[in-house]
>>> print(open('work.txt').read())   # compact mmCIF, C-alpha atoms
# COMPACT_ATOMS: atom_id res chain seq x y z
CA MET A 268 107.88 121.24 143.82
CA LYS A 269 109.39 123.55 146.45
CA LYS A 270 110.70 125.85 143.73
CA GLN A 271 107.32 126.00 142.00
CA ILE A 272 105.57 126.85 145.27
CA GLN A 273 108.09 129.61 145.90
CA PHE A 274 107.15 131.45 142.71
CA LEU A 275 103.49 130.58 142.36
CA ILE A 276 102.61 131.84 145.84
CA PHE A 277 103.37 135.30 144.52
CA PHE A 278 101.30 134.66 141.42
CA PHE A 279 98.20 133.10 143.13
CA ILE A 280 97.67 134.96 145.74
CA LEU A 281 99.00 145.08 158.76
CA TYR A 282 100.41 147.17 160.16
CA VAL A 283 102.31 150.19 158.85
CA PRO A 284 103.16 153.00 161.29
CA SER A 285 101.80 155.93 159.35
CA LEU A 286 98.75 158.12 158.79
CA ALA A 287 95.76 156.92 156.76
CA TRP A 288 94.33 159.25 154.14
CA SER A 289 90.73 160.27 153.61
CA ILE A 290 88.56 158.24 151.23
CA SER A 291 88.76 160.84 148.44
CA ASN A 292 92.55 160.95 148.66
CA GLU A 293 92.67 157.16 148.74
CA GLN A 294 90.93 156.91 145.38
CA ALA A 295 93.04 159.72 143.97
CA ALA A 296 96.24 157.90 145.00
CA VAL A 297 95.12 154.63 143.41
CA ASN A 298 94.13 156.45 140.23
CA ALA A 299 97.58 158.06 140.14
CA ILE A 300 99.29 154.67 140.58
CA GLN A 301 97.18 153.14 137.82
CA LYS A 302 97.84 156.08 135.50
CA SER A 303 101.57 156.00 136.22
CA TYR A 304 101.85 152.30 135.47
CA GLU A 305 99.77 152.63 132.31
CA SER A 306 102.47 154.99 131.00
CA VAL A 307 105.06 152.24 131.47
CA LEU A 308 105.63 150.23 128.29
CA THR A 309 108.58 148.21 129.57
CA PHE A 310 109.86 147.56 133.08
CA LYS A 311 113.25 146.16 134.14
CA ALA A 312 114.45 145.66 137.69
CA THR A 313 116.29 143.45 140.12
CA PHE A 314 114.13 141.98 142.86
CA LYS A 315 114.28 140.28 146.22
CA GLN A 316 111.46 137.96 147.24
CA LYS A 317 110.67 136.74 150.74
CA ALA A 318 108.00 134.05 150.97
CA PHE A 319 106.49 132.60 154.15
CA ILE A 320 105.01 129.17 153.36
CA LYS A 321 102.66 128.25 156.18
CA MET A 322 102.31 124.57 155.19
CA MET A 323 106.08 124.17 155.62
CA ASN A 324 106.35 126.77 158.40
CA ARG A 325 109.39 128.39 156.87
CA VAL A 326 110.59 131.47 155.05
CA GLU A 327 112.30 131.25 151.67
CA ILE A 328 114.31 134.11 150.22
CA ALA A 329 115.13 134.46 146.53
CA GLN A 330 116.47 137.17 144.25
CA GLY A 331 116.90 137.81 140.57
CA GLU A 332 115.89 140.00 137.65
CA VAL A 333 112.57 140.77 135.97
CA GLN A 334 111.65 142.16 132.56
CA ILE A 335 108.11 143.14 131.58
CA LYS A 336 106.83 144.27 128.22
CA LYS A 337 103.21 145.23 127.84
CA PRO A 338 100.83 143.77 127.17
CA GLY A 339 101.23 140.42 128.86
CA LYS A 340 104.91 139.58 128.49
CA MET A 341 107.10 138.86 131.51
CA LYS A 342 110.38 137.14 132.27
CA TRP A 343 111.49 136.40 135.84
CA VAL A 344 114.97 134.97 136.33
CA TYR A 345 115.72 133.64 139.81
CA ASN A 346 119.49 133.57 140.30
CA SER A 347 119.59 132.32 143.88
CA PRO A 348 119.25 130.24 145.89
CA ASP A 349 117.56 127.93 143.33
CA PRO A 350 118.00 128.94 139.66
CA GLN A 351 114.74 129.09 137.73
CA VAL A 352 113.24 131.00 134.83
CA LEU A 353 109.62 131.95 134.30
CA ILE A 354 108.51 133.36 130.95
CA SER A 355 104.99 134.37 129.97
CA ASN A 356 103.71 135.72 126.67
CA LYS A 357 100.29 136.12 125.10
CA ASN A 358 99.56 132.39 125.07
CA ASN A 359 101.79 130.33 127.34
CA LEU A 360 103.74 130.40 130.57
CA TRP A 361 106.95 128.42 131.00
CA LEU A 362 108.64 127.53 134.27
CA TYR A 363 112.15 126.19 133.71
CA LEU A 364 114.14 124.53 136.50
CA PRO A 365 117.65 123.97 135.14
CA GLU A 366 118.88 121.98 138.15
CA ASP A 367 115.97 119.56 137.70
CA ASN A 368 116.37 119.54 133.91
CA GLN A 369 112.61 120.18 133.67
CA ALA A 370 110.29 122.72 132.06
CA THR A 371 106.56 123.15 132.71
CA LYS A 372 104.21 124.74 130.19
CA ILE A 373 100.75 126.03 131.09
CA SER A 374 98.16 128.30 129.53
CA VAL A 375 98.50 131.99 130.36
CA GLU A 376 94.72 132.27 130.67
CA SER A 377 94.72 129.85 133.60
CA ILE A 378 96.97 132.31 135.45
CA TYR A 379 95.53 135.66 134.46
CA SER A 380 91.87 134.69 134.76
CA SER A 381 92.12 134.57 138.56
CA ASN A 382 95.15 136.69 139.31
CA THR A 383 94.79 140.45 139.31
CA PRO A 384 98.31 141.19 140.65
CA ALA A 385 99.76 139.35 137.66
CA LEU A 386 97.30 141.05 135.31
CA PHE A 387 98.25 144.48 136.62
CA LEU A 388 102.01 143.90 136.32
CA ALA A 389 101.54 142.58 132.80
CA GLY A 390 99.55 145.66 131.84
CA LYS A 391 96.29 143.79 131.24
CA GLY A 392 94.18 144.66 134.27
CA LYS A 393 92.85 147.47 136.44
CA LEU A 394 93.20 147.20 140.21
CA THR A 395 89.84 148.69 141.17
CA ASP A 396 87.94 146.33 138.85
CA THR A 397 88.42 143.43 141.28
CA PHE A 398 89.73 145.07 144.46
CA ASN A 399 88.28 147.41 147.03
CA ILE A 400 90.60 149.97 148.59
CA ALA A 401 90.93 149.17 152.28
CA GLN A 402 93.47 151.81 153.21
CA VAL A 403 96.12 154.13 151.82
CA LEU A 404 99.09 154.76 154.07
CA THR A 405 101.70 157.41 153.52
CA GLU A 406 105.20 157.65 154.93
CA LYS A 407 108.10 159.98 154.23
CA ASP A 408 108.99 158.68 150.80
CA LYS A 409 106.45 155.97 149.95
CA ILE A 410 102.76 155.17 149.67
CA THR A 411 101.31 151.77 150.61
CA VAL A 412 97.86 150.83 149.33
CA VAL A 413 95.98 147.95 150.96
CA PHE A 414 93.53 146.16 148.64
CA ILE A 415 90.85 143.59 149.51
CA PRO A 416 89.40 141.31 146.77
CA LYS A 417 85.80 141.97 145.83
CA GLU A 418 85.13 138.30 145.08
CA LYS A 419 84.68 136.11 148.15
CA GLU A 420 85.97 133.11 146.17
CA SER A 421 89.33 134.79 145.55
CA ASN A 422 92.45 132.95 146.72
CA LEU A 423 93.85 136.24 147.95
CA ASN A 424 93.20 137.69 151.37
CA ARG A 425 94.75 141.08 150.65
CA LEU A 426 97.30 142.79 148.46
CA LEU A 427 99.66 145.58 149.51
CA LEU A 428 101.17 147.71 146.77
CA ARG A 429 104.13 149.99 147.55
CA THR A 430 105.00 152.98 145.39
CA ASN A 431 107.39 155.92 145.34
CA LYS A 432 105.62 158.93 146.82
CA LYS A 433 107.07 161.35 144.27
CA ASN A 434 106.15 159.63 141.02
CA TYR A 435 103.88 156.69 142.03
CA GLN A 436 106.38 154.21 140.57
CA ILE A 437 105.76 150.69 141.90
CA THR A 438 108.60 149.57 144.16
CA GLY A 439 107.17 146.39 145.66
CA ALA A 440 104.16 144.36 146.77
CA SER A 441 102.99 141.97 149.47
CA VAL A 442 100.49 139.20 148.76
CA TYR A 443 98.54 137.42 151.52
CA ASP A 444 96.47 134.38 150.62
CA LYS A 445 93.71 132.59 152.53
CA LEU A 446 95.98 129.68 153.42
CA GLY A 447 98.15 131.93 155.56
CA ASN A 448 100.99 132.31 153.07
CA LYS A 449 102.66 135.68 152.55
CA THR A 450 105.01 136.83 149.82
CA ASP A 451 106.93 140.11 149.82
CA ILE A 452 108.72 141.33 146.72
CA ASN A 453 110.79 144.49 146.41
CA PHE A 454 112.16 146.00 143.20
CA ARG A 455 115.47 147.83 142.86
CA GLU A 456 117.52 149.29 140.01
CA ILE A 457 114.27 150.05 138.19
CA ARG A 458 114.50 151.04 134.52
CA ILE A 459 111.44 152.25 132.65
CA ASN A 460 110.69 152.16 128.93
CA GLU A 461 114.01 150.71 127.78
CA LYS A 462 113.88 148.61 124.63
CA ILE A 463 113.35 144.86 125.18
CA ALA A 464 113.66 142.43 122.25
CA GLU A 465 110.72 140.12 121.55
CA SER A 466 113.09 137.15 121.72
CA VAL A 467 113.43 137.69 125.48
CA PHE A 468 109.94 136.26 125.93
CA GLU A 469 110.41 133.22 123.70
CA PHE A 470 111.49 130.10 125.56
CA GLN A 471 113.76 127.75 123.65
CA VAL A 472 113.71 124.34 125.33
CA PRO A 473 117.29 123.15 125.93
CA ALA A 474 118.21 119.74 124.55
CA GLY A 475 117.41 116.88 126.89
CA VAL A 476 115.02 118.87 129.12
CA GLU A 477 111.86 117.05 130.24
CA ILE A 478 108.68 118.95 129.33
CA GLN A 479 105.45 118.84 131.33
CA ASP A 480 102.80 120.30 129.06
CA PHE A 481 99.48 121.29 130.69
CA THR A 482 98.20 123.46 127.85
CA PRO A 483 94.91 122.42 126.18
CA ASN A 484 95.19 120.21 123.12
CA PRO A 485 94.37 121.97 119.82
>>> encode(input="work.txt", output="structure tokens")
Amino acid sequence: MKKQIQFLIFFFILYVPSLAWSISNEQAAVNAIQKSYESVLTFKATFKQKAFIKMMNRVEIAQGEVQIKKPGKMKWVYNSPDPQVLISNKNNLWLYLPEDNQATKISVESIYSSNTPALFLAGKGKLTDTFNIAQVLTEKDKITVVFIPKEKESNLNRLLLRTNKKNYQITGASVYDKLGNKTDINFREIRINEKIAESVFEFQVPAGVEIQDFTPNP
């Protein structure tokens, strides 16, 4: 359960010492970020994730590799401290915990229907459709955009998106939820538009692995 919480906080869900832009420049920056990411067909990177889990009053740090192929295909491989693999495609999402010899299968729609950060990364959503721009902050080499959900029922409190100032490439994000949890994720060794085989996003259940299937029956 701890491992599932570690990842799903990022999926279901300030202060920066810099100068805020004017409203017109704020919208222009967000439009540039959206346009830049729309030009990305595939995305590969290593990542480091730092999650504060309020219920447990502790911070958990993980790292690994991510591959994204639009639309809607993602693979996150956590190498440490607890190995796990998360794969999503057009229909299903798998969470595989090799140390527990267990795999969980759920419907992709149950994730994307309420999760704009995941939608955006998967190339299936537009930030300003469900977020208001609270602030755009610029530093020497990066831009940080603070978003607030439009829907009061949203599980998220706010979303921070960090991009490279030169090309608006996404370099990381911070997700705050209404339960007081916070997840930071930073991308490194970013590669754009490299070929990714379709087989990367197909999960083959290893022999002997217990499956928990929460997808709707046909």
>>> closest_residue(input="work.txt", among="A:Thr450, A:Asn346, A:Asn484, A:Gln301", to="Val333 of chain A", atoms="all atoms listed in the file")
A:Asn346
>>> atom_distance(input="work.txt", atom1="atom CA of Asn359 of chain A", atom2="atom CA of Ser441 of chain A")
25.0 Å
>>> closest_residue(input="work.txt", among="A:Phe398, A:Val326, A:Glu477, A:Gln316", to="Lys419 of chain A", atoms="only C-alpha atoms")
A:Phe398
>>> closest_residue(input="work.txt", among="A:Val467, A:Pro338, A:Lys432, A:Leu423", to="Glu305 of chain A", atoms="all atoms listed in the file")
A:Pro338
>>> atom_distance(input="work.txt", atom1="atom CA of Ile457 of chain A", atom2="atom CA of Asn399 of chain A")
27.6 Å
>>> atom_distance(input="work.txt", atom1="atom CA of Asn448 of chain A", atom2="atom CA of Leu362 of chain A")
20.9 Å
>>> residues_around(input="work.txt", residues="Pro348 of chain A", least_positions_apart="5", cutoff="9 Å", atoms="all atoms listed in the file", output="PDB file with C-alpha atoms, keeping the file's coordinate frame")
ATOM      1  CA  ILE A 328     114.310 134.110 150.220  1.00  0.00           C
ATOM      2  CA  ALA A 329     115.130 134.460 146.530  1.00  0.00           C
ATOM      3  CA  GLN A 330     116.470 137.170 144.250  1.00  0.00           C
TER       4      GLN A 330
END
>>> residues_around(input="work.txt", residues="Ser303 of chain A", least_positions_apart="4", cutoff="9 Å", atoms="all atoms listed in the file", output="PyMOL selection string")
chain A and resi 298-299+307+434-437
>>> residues_around(input="work.txt", residues="Glu456 of chain A", least_positions_apart="5", cutoff="8 Å", atoms="all atoms listed in the file", output="list in words")
Lys311, Ala312 and Thr313 of chain A
>>> closest_residue(input="work.txt", among="A:Lys342, A:Lys315, A:Lys417, A:Arg455", to="Tyr363 of chain A", atoms="only C-alpha atoms")
A:Lys342
>>> decode(input="work.txt", residues="segment 284-433 of chain A", atoms="C-alpha atoms", output="PDB file, in the first residue's frame")
ATOM      1  CA  PRO A 284      11.832  34.242  -4.903  1.00  0.00           C
ATOM      2  CA  SER A 285      11.262  35.868  -8.250  1.00  0.00           C
ATOM      3  CA  LEU A 286       9.232  38.472 -10.124  1.00  0.00           C
ATOM      4  CA  ALA A 287       5.624  37.831 -11.153  1.00  0.00           C
ATOM      5  CA  TRP A 288       4.604  38.702 -14.707  1.00  0.00           C
ATOM      6  CA  SER A 289       1.642  40.731 -15.875  1.00  0.00           C
ATOM      7  CA  ILE A 290      -1.628  38.950 -16.671  1.00  0.00           C
ATOM      8  CA  SER A 291      -1.123  39.193 -20.445  1.00  0.00           C
ATOM      9  CA  ASN A 292       2.365  37.712 -20.193  1.00  0.00           C
ATOM     10  CA  GLU A 293       1.063  34.996 -17.879  1.00  0.00           C
ATOM     11  CA  GLN A 294      -1.378  33.764 -20.506  1.00  0.00           C
ATOM     12  CA  ALA A 295       1.248  34.058 -23.220  1.00  0.00           C
ATOM     13  CA  ALA A 296       3.664  31.914 -21.184  1.00  0.00           C
ATOM     14  CA  VAL A 297       1.062  29.215 -20.579  1.00  0.00           C
ATOM     15  CA  ASN A 298       0.118  29.216 -24.255  1.00  0.00           C
ATOM     16  CA  ALA A 299       3.792  28.783 -25.145  1.00  0.00           C
ATOM     17  CA  ILE A 300       4.146  25.858 -22.715  1.00  0.00           C
ATOM     18  CA  GLN A 301       1.033  24.198 -24.118  1.00  0.00           C
ATOM     19  CA  LYS A 302       2.190  24.730 -27.697  1.00  0.00           C
ATOM     20  CA  SER A 303       5.672  23.423 -26.928  1.00  0.00           C
ATOM     21  CA  TYR A 304       4.353  20.254 -25.332  1.00  0.00           C
ATOM     22  CA  GLU A 305       1.880  19.686 -28.153  1.00  0.00           C
ATOM     23  CA  SER A 306       4.874  19.457 -30.503  1.00  0.00           C
ATOM     24  CA  VAL A 307       6.275  16.606 -28.394  1.00  0.00           C
ATOM     25  CA  LEU A 308       5.283  13.191 -29.745  1.00  0.00           C
ATOM     26  CA  THR A 309       7.463  11.141 -27.400  1.00  0.00           C
ATOM     27  CA  PHE A 310       9.186  12.028 -24.139  1.00  0.00           C
ATOM     28  CA  LYS A 311      11.939  10.110 -22.332  1.00  0.00           C
ATOM     29  CA  ALA A 312      13.660  11.159 -19.128  1.00  0.00           C
ATOM     30  CA  THR A 313      15.044  10.087 -15.794  1.00  0.00           C
ATOM     31  CA  PHE A 314      13.197  11.490 -12.796  1.00  0.00           C
ATOM     32  CA  LYS A 315      13.479  12.050  -9.080  1.00  0.00           C
ATOM     33  CA  GLN A 316      10.314  12.197  -6.995  1.00  0.00           C
ATOM     34  CA  LYS A 317       9.958  13.583  -3.488  1.00  0.00           C
ATOM     35  CA  ALA A 318       6.606  12.974  -1.814  1.00  0.00           C
ATOM     36  CA  PHE A 319       5.449  14.337   1.543  1.00  0.00           C
ATOM     37  CA  ILE A 320       2.654  12.120   2.879  1.00  0.00           C
ATOM     38  CA  LYS A 321       0.853  14.039   5.608  1.00  0.00           C
ATOM     39  CA  MET A 322      -1.077  11.037   6.975  1.00  0.00           C
ATOM     40  CA  MET A 323       2.252   9.317   7.701  1.00  0.00           C
ATOM     41  CA  ASN A 324       4.122  12.568   8.409  1.00  0.00           C
ATOM     42  CA  ARG A 325       7.101  11.545   6.341  1.00  0.00           C
ATOM     43  CA  VAL A 326       8.909  12.215   3.092  1.00  0.00           C
ATOM     44  CA  GLU A 327       9.570   9.453   0.572  1.00  0.00           C
ATOM     45  CA  ILE A 328      12.112   9.817  -2.211  1.00  0.00           C
ATOM     46  CA  ALA A 329      12.118   7.697  -5.354  1.00  0.00           C
ATOM     47  CA  GLN A 330      13.801   7.788  -8.742  1.00  0.00           C
ATOM     48  CA  GLY A 331      13.569   6.052 -12.068  1.00  0.00           C
ATOM     49  CA  GLU A 332      12.806   6.468 -15.757  1.00  0.00           C
ATOM     50  CA  VAL A 333       9.723   7.566 -17.693  1.00  0.00           C
ATOM     51  CA  GLN A 334       8.635   7.105 -21.300  1.00  0.00           C
ATOM     52  CA  ILE A 335       5.598   8.840 -22.801  1.00  0.00           C
ATOM     53  CA  LYS A 336       4.090   8.376 -26.231  1.00  0.00           C
ATOM     54  CA  LYS A 337       1.123  10.456 -27.239  1.00  0.00           C
ATOM     55  CA  PRO A 338      -1.717  10.097 -27.009  1.00  0.00           C
ATOM     56  CA  GLY A 339      -2.231   8.462 -23.652  1.00  0.00           C
ATOM     57  CA  LYS A 340       0.668   6.027 -23.306  1.00  0.00           C
ATOM     58  CA  MET A 341       3.061   6.192 -20.365  1.00  0.00           C
ATOM     59  CA  LYS A 342       5.527   3.936 -18.608  1.00  0.00           C
ATOM     60  CA  TRP A 343       7.080   4.862 -15.254  1.00  0.00           C
ATOM     61  CA  VAL A 344       9.777   2.572 -13.881  1.00  0.00           C
ATOM     62  CA  TYR A 345      10.765   3.184 -10.261  1.00  0.00           C
ATOM     63  CA  ASN A 346      14.229   1.739  -9.678  1.00  0.00           C
ATOM     64  CA  SER A 347      14.689   2.754  -6.048  1.00  0.00           C
ATOM     65  CA  PRO A 348      14.068   2.514  -3.209  1.00  0.00           C
ATOM     66  CA  ASP A 349      11.087   0.224  -3.977  1.00  0.00           C
ATOM     67  CA  PRO A 350      10.993  -1.249  -7.511  1.00  0.00           C
ATOM     68  CA  GLN A 351       7.678  -0.752  -9.276  1.00  0.00           C
ATOM     69  CA  VAL A 352       6.374  -0.311 -12.800  1.00  0.00           C
ATOM     70  CA  LEU A 353       3.367   1.684 -13.933  1.00  0.00           C
ATOM     71  CA  ILE A 354       2.123   1.348 -17.508  1.00  0.00           C
ATOM     72  CA  SER A 355      -0.884   3.087 -19.030  1.00  0.00           C
ATOM     73  CA  ASN A 356      -2.287   2.820 -22.539  1.00  0.00           C
ATOM     74  CA  LYS A 357      -5.570   3.759 -24.166  1.00  0.00           C
ATOM     75  CA  ASN A 358      -7.639   1.406 -22.013  1.00  0.00           C
ATOM     76  CA  ASN A 359      -5.893   0.194 -18.876  1.00  0.00           C
ATOM     77  CA  LEU A 360      -3.360   1.143 -16.250  1.00  0.00           C
ATOM     78  CA  TRP A 361      -1.126  -1.454 -14.608  1.00  0.00           C
ATOM     79  CA  LEU A 362       0.820  -1.056 -11.378  1.00  0.00           C
ATOM     80  CA  TYR A 363       3.324  -3.873 -10.902  1.00  0.00           C
ATOM     81  CA  LEU A 364       5.132  -4.414  -7.597  1.00  0.00           C
ATOM     82  CA  PRO A 365       7.754  -7.104  -8.221  1.00  0.00           C
ATOM     83  CA  GLU A 366       8.810  -7.419  -4.574  1.00  0.00           C
ATOM     84  CA  ASP A 367       5.183  -8.106  -3.616  1.00  0.00           C
ATOM     85  CA  ASN A 368       4.643 -10.356  -6.642  1.00  0.00           C
ATOM     86  CA  GLN A 369       1.465  -8.377  -7.353  1.00  0.00           C
ATOM     87  CA  ALA A 370      -0.036  -6.417 -10.252  1.00  0.00           C
ATOM     88  CA  THR A 371      -3.061  -4.106 -10.119  1.00  0.00           C
ATOM     89  CA  LYS A 372      -5.160  -3.310 -13.187  1.00  0.00           C
ATOM     90  CA  ILE A 373      -7.568  -0.366 -13.354  1.00  0.00           C
ATOM     91  CA  SER A 374      -9.393   1.548 -16.057  1.00  0.00           C
ATOM     92  CA  VAL A 375      -7.508   4.476 -17.556  1.00  0.00           C
ATOM     93  CA  GLU A 376     -10.709   6.518 -17.621  1.00  0.00           C
ATOM     94  CA  SER A 377     -10.935   6.389 -13.833  1.00  0.00           C
ATOM     95  CA  ILE A 378      -7.560   8.153 -13.706  1.00  0.00           C
ATOM     96  CA  TYR A 379      -7.822  10.642 -16.549  1.00  0.00           C
ATOM     97  CA  SER A 380     -11.400  11.729 -15.868  1.00  0.00           C
ATOM     98  CA  SER A 381     -10.330  13.608 -12.728  1.00  0.00           C
ATOM     99  CA  ASN A 382      -6.635  14.179 -13.258  1.00  0.00           C
ATOM    100  CA  THR A 383      -5.545  17.022 -15.503  1.00  0.00           C
ATOM    101  CA  PRO A 384      -1.796  16.723 -14.727  1.00  0.00           C
ATOM    102  CA  ALA A 385      -1.888  13.141 -15.986  1.00  0.00           C
ATOM    103  CA  LEU A 386      -4.003  14.158 -18.983  1.00  0.00           C
ATOM    104  CA  PHE A 387      -1.557  16.895 -19.919  1.00  0.00           C
ATOM    105  CA  LEU A 388       1.525  14.655 -19.669  1.00  0.00           C
ATOM    106  CA  ALA A 389      -0.214  12.003 -21.742  1.00  0.00           C
ATOM    107  CA  GLY A 390      -1.062  14.560 -24.410  1.00  0.00           C
ATOM    108  CA  LYS A 391      -4.824  14.344 -23.918  1.00  0.00           C
ATOM    109  CA  GLY A 392      -5.686  17.546 -22.081  1.00  0.00           C
ATOM    110  CA  LYS A 393      -5.305  21.318 -22.043  1.00  0.00           C
ATOM    111  CA  LEU A 394      -4.213  23.026 -18.838  1.00  0.00           C
ATOM    112  CA  THR A 395      -6.440  26.097 -19.074  1.00  0.00           C
ATOM    113  CA  ASP A 396      -9.567  23.989 -19.615  1.00  0.00           C
ATOM    114  CA  THR A 397      -9.663  23.032 -15.929  1.00  0.00           C
ATOM    115  CA  PHE A 398      -7.127  25.352 -14.284  1.00  0.00           C
ATOM    116  CA  ASN A 399      -6.949  29.059 -13.658  1.00  0.00           C
ATOM    117  CA  ILE A 400      -3.539  30.711 -13.825  1.00  0.00           C
ATOM    118  CA  ALA A 401      -2.679  32.010 -10.364  1.00  0.00           C
ATOM    119  CA  GLN A 402       0.809  33.268 -11.082  1.00  0.00           C
ATOM    120  CA  VAL A 403       3.730  32.992 -13.472  1.00  0.00           C
ATOM    121  CA  LEU A 404       7.162  33.354 -11.912  1.00  0.00           C
ATOM    122  CA  THR A 405      10.375  33.794 -13.829  1.00  0.00           C
ATOM    123  CA  GLU A 406      13.927  33.184 -12.703  1.00  0.00           C
ATOM    124  CA  LYS A 407      17.238  33.183 -14.531  1.00  0.00           C
ATOM    125  CA  ASP A 408      16.744  29.992 -16.490  1.00  0.00           C
ATOM    126  CA  LYS A 409      13.246  28.722 -15.671  1.00  0.00           C
ATOM    127  CA  ILE A 410       9.572  29.633 -15.559  1.00  0.00           C
ATOM    128  CA  THR A 411       7.218  28.362 -12.851  1.00  0.00           C
ATOM    129  CA  VAL A 412       3.463  28.518 -13.457  1.00  0.00           C
ATOM    130  CA  VAL A 413       1.072  28.183 -10.514  1.00  0.00           C
ATOM    131  CA  PHE A 414      -2.331  26.728 -11.419  1.00  0.00           C
ATOM    132  CA  ILE A 415      -5.506  26.556  -9.301  1.00  0.00           C
ATOM    133  CA  PRO A 416      -8.301  24.083 -10.214  1.00  0.00           C
ATOM    134  CA  LYS A 417     -11.500  25.633 -11.504  1.00  0.00           C
ATOM    135  CA  GLU A 418     -13.661  22.905  -9.957  1.00  0.00           C
ATOM    136  CA  LYS A 419     -14.176  23.211  -6.206  1.00  0.00           C
ATOM    137  CA  GLU A 420     -14.610  19.434  -5.976  1.00  0.00           C
ATOM    138  CA  SER A 421     -11.115  18.799  -7.342  1.00  0.00           C
ATOM    139  CA  ASN A 422      -8.736  16.749  -5.186  1.00  0.00           C
ATOM    140  CA  LEU A 423      -5.950  19.139  -6.088  1.00  0.00           C
ATOM    141  CA  ASN A 424      -5.184  22.329  -4.223  1.00  0.00           C
ATOM    142  CA  ARG A 425      -2.691  23.669  -6.742  1.00  0.00           C
ATOM    143  CA  LEU A 426      -0.267  22.567  -9.422  1.00  0.00           C
ATOM    144  CA  LEU A 427       3.141  24.082 -10.140  1.00  0.00           C
ATOM    145  CA  LEU A 428       4.661  23.440 -13.544  1.00  0.00           C
ATOM    146  CA  ARG A 429       8.348  24.177 -14.153  1.00  0.00           C
ATOM    147  CA  THR A 430       9.755  24.749 -17.629  1.00  0.00           C
ATOM    148  CA  ASN A 431      12.991  25.758 -19.308  1.00  0.00           C
ATOM    149  CA  LYS A 432      12.893  29.492 -19.967  1.00  0.00           C
ATOM    150  CA  LYS A 433      14.500  29.187 -23.403  1.00  0.00           C
TER     151      LYS A 433
END
